[in-house]
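A short worksheet on the structure shown next.
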Amino acid sequence: MGSENEKPTFTRMKTEESTVIASHRSQFMPSAFLRILGKKLVQQLKDFFLTMQEFFLFSVRAFMAFPKMIRYWRDVLDQATICGTDSIPIVLVSAISIGALLAIEVGNLLEDFGAKTMLGRSTALSVIRELGPLLMGLMLSARFGSRNGAELGAMQISEQIDALRAFGTDPIAKLVMPRLLAALIMFLPLTALSDFAGLQSAAYMAEHYHRIDPGIFWNAVYPRLVAKDFVVGFLKAPVFAIIITLVSCFNGFSARGGTAGVGRSTIKGIVVSSGLVLIANFYVSKIVLENM
Amino acid sequence: MIELRNVSLKYGDREILKNVSLTIQDNTIKAILGPSGVGKSTILKLMLGLIKPNSGQVIIDGTDITCMKERSLYSIRRKMGMVFQGNALFDSLTISQNLGFFLRENMKLPEEEISRKVAEQIQFAGLEGYEDQLPESLSGGMRRRVAIGRALIFKPHMILFDEPTAGLDPVSSKKILSLISSLRHHNNLGAVIVTHIIDDVFNVADSVAVLYQGEIIFDDVTEKLHESEHQFIRSILSDKILEL
């Protein structure tokens, strides 16, 4: 009998307890949840603005270190080789493939309108204004940006950057400024190379795929190109150089937490710089085309 | 002389150092003993001005470096050489280039003078024949000796060692400790050694500060460590090595 009495009592107690907890939950859960969510959001906003402030100061210090370029000319040359000469194959491959593809697709489209002779003009504009610099920017974000992020991240983790500071060397002048200067110098010829390779491959496809005479193709390119087209394309090179170098180097310097941290900072550097390259590409085109 | 006055430091919510005060006299070897992760290496970085405390003062030869700008700190840092825990050798430079790095960066010396000083350090560290090798091709003990040579080459007043024997085999450890001892006798240098190995303290240090839970619980000559009644010190004296 005793056990029969206990069972319903216990069940009743549990039921009452659950009802009380449930009613408390219904009263307090949303406000508690909102409070925690609000706190997290505020913290994330704080972190974001702190990171932006640090990035701004980091960028200013990198530009302020330019007078030291003579002292670190060897580092500038090394970085120019890495981001310039060594990047030629990837820039050529991407420019040639996109030029050829563009010629095929745009040629097919123009054929429907009986305007195949305009292929040179449309391809040249797309390559010189947009695709040449953009592809080069994305390729270099992956190649040069990842190298910067991983190398500087590894130096940060292994305390080599602290060692530079301990031995009286400004790590931003020694490590970031040469990379920034080299990128500013080398991205311009790489853009030119990307444009040239893209147009050549488009011309090749126009001749061999669409059976357009090279004379007609090039005649639609040269006489119609104006200064504005080159300004749009070539202005992007220094903008991309600044974005890719500073973002990747900043992420390298911010690496924490061992080898996994280096991986995280490298990925973050590539993702952020690629995104910013795409955004900058749009705004540079918009601003120049609207104002020239 | 290096002095820390009531230094406190926090990383986020974690309190690393609580009101730490320390004095390191010139031409003496002071050990800072404590378990891993307690903030010993942080003290060395504070001394170099690589990080700033939340409160308190770091005074080097009478100059408060706590609020100094990075550029002004360079002249202070030249008084101290640092041997990092992982050596922090520049892995894209050869041993000679690593040793001569400071001289090339900060002193307008002729290349012959730099080469002569580098050769001296190569001989001092017993690394003849390895001048043109990259750090990755050397053993742990050799890399540590290169790091010591790099810190010594510009004749600082004080050398800061972060776990000088950690990760080394007993023979290499012995070599490094005798190298540290010889510094004071031959070069009249002071040193701060951060370690979690108590035998290293008794082998080379004149005085020792024990850091436990962010606080200095002992700071006196090494011999008096045995007289301490603190439970943590009694336990490390019986175990001889702190938990890693």
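Order determines the names: the first chain of the structure tokens is A, the second B, and so forth; residues in each chain are numbered 1 upward, and ligands are numbered 1 upward as they are shown.
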For a quick test of understanding: name the residues of chain B lying within 7 Å of chain A when counting only C-alpha atoms, and present them as a ChimeraX atom specification. /B:48,74,77-78,86,88-90,102
Would you return as a tab-separated table (two decimals) with C-alpha atoms, in the first residue's frame the members of range 59-244 of chain B that DSSP assigns to alpha helix (DSSP H) on this structure's backbone?
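The new file states-v5.tsv reads:
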```tsv
chain	number	residue	atom	x	y	z
B	70	GLU	CA	57.66	51.54	-29.66
B	71	ARG	CA	60.28	53.75	-31.32
B	72	SER	CA	61.65	54.96	-27.96
B	73	LEU	CA	61.79	51.39	-26.66
B	74	TYR	CA	64.42	50.32	-29.19
B	75	SER	CA	67.24	52.01	-27.24
B	76	ILE	CA	66.06	50.26	-24.04
B	77	ARG	CA	65.84	46.88	-25.76
B	95	ILE	CA	73.22	30.83	-39.05
B	96	SER	CA	75.72	33.61	-39.91
B	97	GLN	CA	72.94	35.91	-41.10
B	98	ASN	CA	70.93	35.18	-37.94
B	99	LEU	CA	73.93	36.01	-35.77
B	100	GLY	CA	74.73	39.18	-37.68
B	101	PHE	CA	71.11	40.30	-37.98
B	102	PHE	CA	71.14	42.89	-35.20
B	103	LEU	CA	74.47	44.37	-36.29
B	104	ARG	CA	73.31	44.77	-39.90
B	105	GLU	CA	69.95	46.21	-38.88
B	106	ASN	CA	70.95	48.62	-36.16
B	111	GLU	CA	80.89	44.28	-43.25
B	112	GLU	CA	84.39	43.04	-42.18
B	113	GLU	CA	83.68	44.05	-38.59
B	114	ILE	CA	80.32	42.27	-38.66
B	115	SER	CA	81.93	39.13	-40.13
B	116	ARG	CA	84.58	39.20	-37.39
B	117	LYS	CA	81.97	39.48	-34.63
B	118	VAL	CA	79.87	36.72	-36.21
B	119	ALA	CA	82.96	34.46	-36.39
B	120	GLU	CA	83.60	35.14	-32.67
B	121	GLN	CA	80.08	34.03	-31.78
B	122	ILE	CA	80.30	30.99	-34.04
B	123	GLN	CA	83.44	29.96	-32.14
B	124	PHE	CA	81.90	30.78	-28.74
B	140	GLY	CA	67.75	21.62	-30.77
B	141	GLY	CA	70.87	22.28	-28.66
B	142	MET	CA	72.70	23.90	-31.58
B	143	ARG	CA	69.74	26.13	-32.37
B	144	ARG	CA	69.63	27.22	-28.72
B	145	ARG	CA	73.34	28.10	-28.88
B	146	VAL	CA	72.75	30.15	-32.04
B	147	ALA	CA	69.92	31.97	-30.25
B	148	ILE	CA	72.26	32.70	-27.32
B	149	GLY	CA	74.99	33.88	-29.72
B	150	ARG	CA	72.48	36.16	-31.47
B	151	ALA	CA	71.46	37.68	-28.15
B	152	LEU	CA	75.10	38.17	-27.08
B	170	PRO	CA	70.56	16.12	-20.69
B	171	VAL	CA	73.91	16.63	-22.47
B	172	SER	CA	72.68	19.68	-24.40
B	173	SER	CA	71.03	21.04	-21.24
B	174	LYS	CA	74.33	20.77	-19.37
B	175	LYS	CA	76.15	22.56	-22.20
B	176	ILE	CA	73.60	25.39	-22.23
B	177	LEU	CA	73.75	25.79	-18.44
B	178	SER	CA	77.55	25.94	-18.45
B	179	LEU	CA	77.34	28.48	-21.28
B	180	ILE	CA	75.01	30.62	-19.14
B	181	SER	CA	77.33	30.32	-16.13
B	182	SER	CA	80.33	31.30	-18.24
B	183	LEU	CA	78.57	34.47	-19.41
B	184	ARG	CA	78.80	36.08	-15.99
B	185	HIS	CA	82.40	35.01	-15.43
B	186	HIS	CA	83.72	35.98	-18.86
B	187	ASN	CA	81.37	38.73	-20.04
B	198	ILE	CA	64.31	23.42	-10.33
B	199	ASP	CA	67.76	21.86	-10.96
B	200	ASP	CA	68.49	24.66	-13.46
B	201	VAL	CA	67.82	27.19	-10.70
B	202	PHE	CA	70.29	25.57	-8.29
B	203	ASN	CA	72.88	25.14	-11.07
B	204	VAL	CA	73.10	28.74	-12.26
B	231	GLN	CA	53.38	24.29	0.57
B	232	PHE	CA	53.93	24.74	-3.16
B	233	ILE	CA	57.68	25.28	-2.71
B	234	ARG	CA	57.92	22.26	-0.40
B	235	SER	CA	56.20	20.17	-3.05
B	236	ILE	CA	58.43	21.34	-5.91
B	237	LEU	CA	61.55	20.78	-3.81
B	238	SER	CA	60.50	17.20	-3.20
B	239	ASP	CA	59.51	16.55	-6.85
```
Using only C-alpha atoms, which residues sit within 12 Å of Gly233 in chain A once same-chain residues fewer than 6 positions away are excluded, as a PyMOL selection string? chain A and resi 124-137+187-192+194-195+226-227+239-240+280-282+284-286+288-289
Write out as an MDAnalysis selection string which residues come within 9 Å of Ser254 in chain A when counting only C-alpha atoms, dropping same-chain ones fewer than 2 positions away. chainID A and resid 153 156 249:252 256 265
Take the residues from that selection and write them out as a PDB file, in the first residue's frame, keeping C-alpha atoms.
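So selection22.pdb came out as:
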```pdb
ATOM      1  CA  GLY A 153      51.365  33.775 -39.196  1.00  0.00           C
ATOM      2  CA  GLN A 156      54.075  35.271 -35.254  1.00  0.00           C
ATOM      3  CA  CYS A 249      49.637  40.651 -43.640  1.00  0.00           C
ATOM      4  CA  PHE A 250      47.297  41.913 -40.910  1.00  0.00           C
ATOM      5  CA  ASN A 251      45.783  38.460 -40.558  1.00  0.00           C
ATOM      6  CA  GLY A 252      49.249  36.914 -40.431  1.00  0.00           C
ATOM      7  CA  ARG A 256      47.167  33.070 -32.442  1.00  0.00           C
ATOM      8  CA  SER A 265      44.305  33.421 -40.148  1.00  0.00           C
TER       9      SER A 265
END
```
